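Below is one structure; the comments refer to it alone.
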Protein chains: 2
Amino acid sequence: MSLCAEQPKKRMFKFELQAQSGRARAGIFHTPHGAIPTPVFAPVGTQATVKAMSPRDLAELGASLILANTYHLYLRPGDALIARRGGLHRFMAWQRPILTDSGGFQVFSLDALRRIDDEGVTFRSHLDGSLHRFTPEKSIQIQHNLGADVIMCFDECPKPHNREAVRAACDRTHAWARRCLAEHLRSGDPDRQALFGIVQGGIFPDLRAESVRFLTDLGFVGYAVGGLAVGESKAEMLATLDYTLPLLPADRPRYLMGVGSPEDLVNGVARGVDIFDCVLPTRMARHGAALTRRGRLNLRNLEHAEDDAPLEAGCACYTCAHFSRAYLRHLVKSDELLGHHLLTLHNLHLLLTLMREMRAAIFEGTFEAYATQFLAAYRPTHKEASAPPSL
Amino acid sequence: MSLCAEQPKKRMFKFELQAQSGRARAGIFHTPHGAIPTPVFAPVGTQATVKAMSPRDLAELGASLILANTYHLYLRPGDALIARRGGLHRFMAWQRPILTDSGGFQVFSLDALRRIDDEGVTFRSHLDGSLHRFTPEKSIQIQHNLGADVIMCFDECPKPHNREAVRAACDRTHAWARRCLAEHLRSGDPDRQALFGIVQGGIFPDLRAESVRFLTDLGFVGYAVGGLAVGESKAEMLATLDYTLPLLPADRPRYLMGVGSPEDLVNGVARGVDIFDCVLPTRMARHGAALTRRGRLNLRNLEHAEDDAPLEAGCACYTCAHFSRAYLRHLVKSDELLGHHLLTLHNLHLLLTLMREMRAAIFEGTFEAYATQFLAAYRPTHKEASAPPSL
């Protein structure tokens, strides 16, 4: 039942490893909706729209992969409705690759509203309180309806420090991964959608190794490192990547879920991550903040009121080419939609540019110098600074 | 002191009447920031941004004039701050013509928060309750700071049916018009900014005629018909245009303030209006509604949930070329910013296209047929239907 058994000519999904610089990898991940140059950052389109961005904005930014959320789209407008519209790509007019999560992270985050058992999760909608149930099979079926190029196994994401809880979550995640793969092969089309496995194991090297072993034995098109960016320190996150990623097969893409600050992207790529997604750039924009190569700017601060400089000198994005910090601050203070749009555009431009620069540095064999220089100039705010900004 | 006395070579502002079809006029209004083909609809950028539109969106739509609000910009971020940024055009990165209102309509609308005397209006900010005072001179000074191509006299806009109130508002408006013109000539640059007078007179033909006489004697670059779309019936509004517009000089642009439903645009152009502005297309979009040639669509309605059709068949806008009603409904129901953006884009596209079509029909001498056909197909909702949709 392993996807590895398929003939090469039939494989719509293929990861080409093109270059390495240290552990950093550059590659191409081929999908039915086009090739994704890696390392890649995927903007998050929770409700089938990357907030405040049109598809043409995303294309202009050079986004090659976006993420959509199974939980949200299942509830509204409904995955069956989207399937009847021809799937997510057509529904949202995005013809490049899409990745959907499994919905697991969202339903596990509902706290009081959910109950977990070995078969699945029963939960109440955050929209109207109605009762629903996700199982591994259901998650895969929903993701089939949505039709993203990359779909994810339904997993349990535990708090990372409690070994017993992590151990139990691993067992459940592995059992569910087997069921997800079986459901995908039974009712899905592996030529159209690639299923990724999710490695769990918290901050415990032996549990991570066991999880990698179990999942690679099953055989997935790609592998996510799950259970990170959920409460552990930055140092713990990086250490986990350090000992987990080398265990994964080199010829499969590696995905670090929910991570996307500039320093995390650099540190992740340095360790061999190929794919990232995060709401950070879009969410920060809606809160009136800009990402720059020197750290974050809060546009609400008075210091920007009469500042004619762009968000970042030398930035080639539409926002920086046309608008001053003073104007952007006015938009933010006035709660104008254009403020969300222009800040989102800039924040995504920075992260996508950063990914392109890292990819180029990997090809040139200069990644370590690039990363060192970037991190030396970058000043994360205190929330990001729990780990030193180093390789 | 009349602007008419200026030499032609010095006149940065010039209205060329190019064609007429019945009373409908096609022309070019030349300004320091470019030529405005008329009849023209000006999208409203209250706070120095047309809500949910970037300047490049507006340029793509073919907008040749936008409006900004003196009251709002005076309060936030402040007209002096904008002047220090080089004026509104540079501040908001819009290099085509801009028109600012006088702030009068907004401060008169504050009701409990304002007190009027012959010298001006004292009012409290709707933002923080702070006390402010506008006089005719102050309004012109603020508009000088903002630097729009077209600026407006500070006027009093009365309820249209009470003759004594309208009479008193006319007297005050005329006295203030004289003071505005004097202040503009004293401290402004008539080569850079054109001052328009505003005709008042409610629904009373003799008061309208007297107002036209007074203002044309003073001599303005253009004339607005004020005090309409403020509570009178559609029939009264059209009748007022019928007897007022022919009194205005043919070689000056005529501006109908605050009007912009499709039928009002057609009926206004039919009577000789050259310039319109209205929040309708942008505000409707934020409320989840689309303008079409057959009437309004409320995207919240269930009937659109699985409708794969665009908002309007044959529409060339980005929204209609890429997105279904079903997707737009999903965005509206999910309160996604992209919904505001895409509906605003479509609504403005329709109105700007309508203006271009009317202009072409005037050149071809077929305006009446065009208007009749448009109005026959258009079904205004009940709020718009107070006047029959006829010429």
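How things are named: the first chain in the structure tokens is A, the next is B, and so on; residues count from 1 in each chain; ligands count from 1 in the order shown.
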Please, which residues in chain A fall within 7 Å of chain B when counting only C-alpha atoms, and what is the closest atom pair and distance in Å to one decimal for each, ordered by chain then residue number, as a tab-separated table?
residue	atom	partner	partner_atom	distance
A:Lys51	CA	B:Leu337	CA	6.3
A:Ala52	CA	B:Leu337	CA	5.1
A:Met53	CA	B:Leu338	CA	6.4
A:Ser54	CA	B:Leu338	CA	6.6
A:Pro77	CA	B:His330	CA	6.2
A:Phe91	CA	B:Tyr327	CA	6.1
A:Met92	CA	B:Tyr327	CA	6.7
A:Ala93	CA	B:His322	CA	6.0
A:His322	CA	B:Ala93	CA	6.1
A:Phe323	CA	B:Ala93	CA	6.6
A:Tyr327	CA	B:Phe91	CA	6.1
A:His330	CA	B:Pro77	CA	6.2
A:Glu336	CA	B:Lys51	CA	6.7
A:Leu337	CA	B:Ala52	CA	5.1
A:Leu338	CA	B:Ala52	CA	5.2
Restricted to N, CA and C atoms, what would the selected residues look like written as a PDB file, in the first residue's frame?
ATOM      1  N   LYS A  51      -6.099  36.456   3.952  1.00  0.00           N
ATOM      2  CA  LYS A  51      -6.817  37.661   4.361  1.00  0.00           C
ATOM      3  C   LYS A  51      -6.235  38.937   3.733  1.00  0.00           C
ATOM      4  N   ALA A  52      -7.104  39.691   3.085  1.00  0.00           N
ATOM      5  CA  ALA A  52      -6.787  40.989   2.479  1.00  0.00           C
ATOM      6  C   ALA A  52      -5.970  40.874   1.188  1.00  0.00           C
ATOM      7  N   MET A  53      -5.803  39.653   0.673  1.00  0.00           N
ATOM      8  CA  MET A  53      -5.054  39.443  -0.571  1.00  0.00           C
ATOM      9  C   MET A  53      -5.974  38.834  -1.629  1.00  0.00           C
ATOM     10  N   SER A  54      -5.873  39.315  -2.857  1.00  0.00           N
ATOM     11  CA  SER A  54      -6.544  38.650  -3.964  1.00  0.00           C
ATOM     12  C   SER A  54      -5.570  37.639  -4.568  1.00  0.00           C
ATOM     13  N   PRO A  77     -17.922  27.331   3.925  1.00  0.00           N
ATOM     14  CA  PRO A  77     -19.299  27.076   3.441  1.00  0.00           C
ATOM     15  C   PRO A  77     -19.653  25.598   3.378  1.00  0.00           C
ATOM     16  N   PHE A  91     -12.934  27.368  -6.743  1.00  0.00           N
ATOM     17  CA  PHE A  91     -13.775  28.180  -5.854  1.00  0.00           C
ATOM     18  C   PHE A  91     -13.097  29.510  -5.532  1.00  0.00           C
ATOM     19  N   MET A  92     -11.814  29.450  -5.168  1.00  0.00           N
ATOM     20  CA  MET A  92     -11.120  30.675  -4.755  1.00  0.00           C
ATOM     21  C   MET A  92     -10.257  31.272  -5.876  1.00  0.00           C
ATOM     22  N   ALA A  93     -10.338  30.691  -7.058  1.00  0.00           N
ATOM     23  CA  ALA A  93      -9.614  31.213  -8.224  1.00  0.00           C
ATOM     24  C   ALA A  93      -8.108  31.277  -7.991  1.00  0.00           C
ATOM     25  N   HIS A 322       5.382  52.956  -2.770  1.00  0.00           N
ATOM     26  CA  HIS A 322       4.412  54.050  -2.922  1.00  0.00           C
ATOM     27  C   HIS A 322       4.004  54.761  -1.636  1.00  0.00           C
ATOM     28  N   PHE A 323       4.166  54.132  -0.491  1.00  0.00           N
ATOM     29  CA  PHE A 323       3.530  54.691   0.699  1.00  0.00           C
ATOM     30  C   PHE A 323       4.522  54.873   1.846  1.00  0.00           C
ATOM     31  N   TYR A 327       1.626  57.543   6.183  1.00  0.00           N
ATOM     32  CA  TYR A 327       0.329  57.208   5.584  1.00  0.00           C
ATOM     33  C   TYR A 327      -0.180  55.876   6.125  1.00  0.00           C
ATOM     34  N   HIS A 330      -1.589  56.310   9.459  1.00  0.00           N
ATOM     35  CA  HIS A 330      -2.926  56.916   9.363  1.00  0.00           C
ATOM     36  C   HIS A 330      -3.976  55.850   9.039  1.00  0.00           C
ATOM     37  N   GLU A 336      -8.590  51.486   8.419  1.00  0.00           N
ATOM     38  CA  GLU A 336      -8.957  51.394   7.011  1.00  0.00           C
ATOM     39  C   GLU A 336      -8.500  50.053   6.435  1.00  0.00           C
ATOM     40  N   LEU A 337      -9.347  49.465   5.591  1.00  0.00           N
ATOM     41  CA  LEU A 337      -9.038  48.172   4.988  1.00  0.00           C
ATOM     42  C   LEU A 337      -7.740  48.223   4.190  1.00  0.00           C
ATOM     43  N   LEU A 338      -7.463  49.369   3.575  1.00  0.00           N
ATOM     44  CA  LEU A 338      -6.240  49.482   2.780  1.00  0.00           C
ATOM     45  C   LEU A 338      -4.994  49.283   3.651  1.00  0.00           C
TER      46      LEU A 338
END
All residues 6 Å or closer to stretch 169-184 of chain B, only C-alpha atoms, same chain fewer than 3 positions away omitted, as a PyMOL selection string: chain B and resi 136-137+153+155-156+166+187-188+200
Could you save those same residues with N, CA and C atoms as a PDB file, in the first residue's frame?
ATOM      1  N   PRO B 136     -15.751  79.777   7.078  1.00  0.00           N
ATOM      2  CA  PRO B 136     -15.446  79.676   5.647  1.00  0.00           C
ATOM      3  C   PRO B 136     -13.940  79.774   5.406  1.00  0.00           C
ATOM      4  N   GLU B 137     -13.299  80.699   6.092  1.00  0.00           N
ATOM      5  CA  GLU B 137     -11.857  80.881   5.895  1.00  0.00           C
ATOM      6  C   GLU B 137     -11.085  79.627   6.333  1.00  0.00           C
ATOM      7  N   CYS B 153     -16.672  75.518  -1.646  1.00  0.00           N
ATOM      8  CA  CYS B 153     -17.077  76.551  -0.689  1.00  0.00           C
ATOM      9  C   CYS B 153     -17.735  75.908   0.528  1.00  0.00           C
ATOM     10  N   ASP B 155     -20.567  75.720   2.896  1.00  0.00           N
ATOM     11  CA  ASP B 155     -21.966  76.141   2.737  1.00  0.00           C
ATOM     12  C   ASP B 155     -22.837  75.562   3.837  1.00  0.00           C
ATOM     13  N   GLU B 156     -24.043  76.064   3.939  1.00  0.00           N
ATOM     14  CA  GLU B 156     -25.025  75.465   4.840  1.00  0.00           C
ATOM     15  C   GLU B 156     -26.032  74.711   3.994  1.00  0.00           C
ATOM     16  N   VAL B 166     -34.575  77.381   4.215  1.00  0.00           N
ATOM     17  CA  VAL B 166     -33.793  77.344   2.975  1.00  0.00           C
ATOM     18  C   VAL B 166     -33.339  78.762   2.614  1.00  0.00           C
ATOM     19  N   SER B 187      -5.061  83.627   0.152  1.00  0.00           N
ATOM     20  CA  SER B 187      -4.011  82.730   0.659  1.00  0.00           C
ATOM     21  C   SER B 187      -3.788  81.503  -0.216  1.00  0.00           C
ATOM     22  N   GLY B 188      -4.576  81.338  -1.269  1.00  0.00           N
ATOM     23  CA  GLY B 188      -4.446  80.125  -2.077  1.00  0.00           C
ATOM     24  C   GLY B 188      -3.740  80.367  -3.389  1.00  0.00           C
ATOM     25  N   GLN B 200     -27.556  76.653  -3.463  1.00  0.00           N
ATOM     26  CA  GLN B 200     -28.578  76.121  -2.563  1.00  0.00           C
ATOM     27  C   GLN B 200     -29.952  76.609  -3.042  1.00  0.00           C
TER      28      GLN B 200
END
DSSP on the backbone, then: every residue of stretch 145-311 of chain A marked strand (DSSP E or B), written as a ChimeraX atom specification. /A:150-152,194-199,222-225,254-256,275-278,289-292,295-298
Since we have the selection now, will you write its residues out, keeping C-alpha atoms, as a PDB file, in the first residue's frame?
ATOM      1  CA  VAL A 150      -1.241  18.344  -0.488  1.00  0.00           C
ATOM      2  CA  ILE A 151      -3.404  16.939   2.298  1.00  0.00           C
ATOM      3  CA  MET A 152      -2.428  16.077   5.854  1.00  0.00           C
ATOM      4  CA  ALA A 194      -0.489  13.846  -1.970  1.00  0.00           C
ATOM      5  CA  LEU A 195      -0.902  12.760   1.636  1.00  0.00           C
ATOM      6  CA  PHE A 196       1.722  13.882   4.146  1.00  0.00           C
ATOM      7  CA  GLY A 197       2.401  12.138   7.437  1.00  0.00           C
ATOM      8  CA  ILE A 198       2.947  14.101  10.632  1.00  0.00           C
ATOM      9  CA  VAL A 199       5.759  13.197  13.010  1.00  0.00           C
ATOM     10  CA  GLY A 222       6.093  14.117   2.450  1.00  0.00           C
ATOM     11  CA  TYR A 223       6.498  14.500   6.172  1.00  0.00           C
ATOM     12  CA  ALA A 224       5.570  17.249   8.583  1.00  0.00           C
ATOM     13  CA  VAL A 225       7.227  17.798  11.900  1.00  0.00           C
ATOM     14  CA  ARG A 254       9.760  18.259   5.006  1.00  0.00           C
ATOM     15  CA  TYR A 255       7.160  20.579   6.385  1.00  0.00           C
ATOM     16  CA  LEU A 256       7.335  22.575   9.613  1.00  0.00           C
ATOM     17  CA  ILE A 275       7.957  23.939   3.617  1.00  0.00           C
ATOM     18  CA  PHE A 276       6.573  26.397   6.193  1.00  0.00           C
ATOM     19  CA  ASP A 277       3.219  28.022   6.815  1.00  0.00           C
ATOM     20  CA  CYS A 278       2.154  30.597   9.368  1.00  0.00           C
ATOM     21  CA  ALA A 289       2.522  45.758  12.496  1.00  0.00           C
ATOM     22  CA  ALA A 290       5.116  45.307   9.785  1.00  0.00           C
ATOM     23  CA  LEU A 291       7.920  42.784   9.523  1.00  0.00           C
ATOM     24  CA  THR A 292      11.253  44.137   8.379  1.00  0.00           C
ATOM     25  CA  GLY A 295      12.595  43.482  13.315  1.00  0.00           C
ATOM     26  CA  ARG A 296       8.992  44.518  13.758  1.00  0.00           C
ATOM     27  CA  LEU A 297       7.456  47.951  13.367  1.00  0.00           C
ATOM     28  CA  ASN A 298       4.285  48.819  15.250  1.00  0.00           C
TER      29      ASN A 298
END
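We find atom CA of A:Val107 and atom CA of A:Ser211 to be spaced 22.0 Å apart.
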Per-residue DSSP, stretch 213-388 of chain A, filtered to helix (DSSP H, G or I), as a PyMOL selection string: chain A and resi 213-218+234-247+262-270+280-286+302-304+318-322+325-333+337-364+367-377
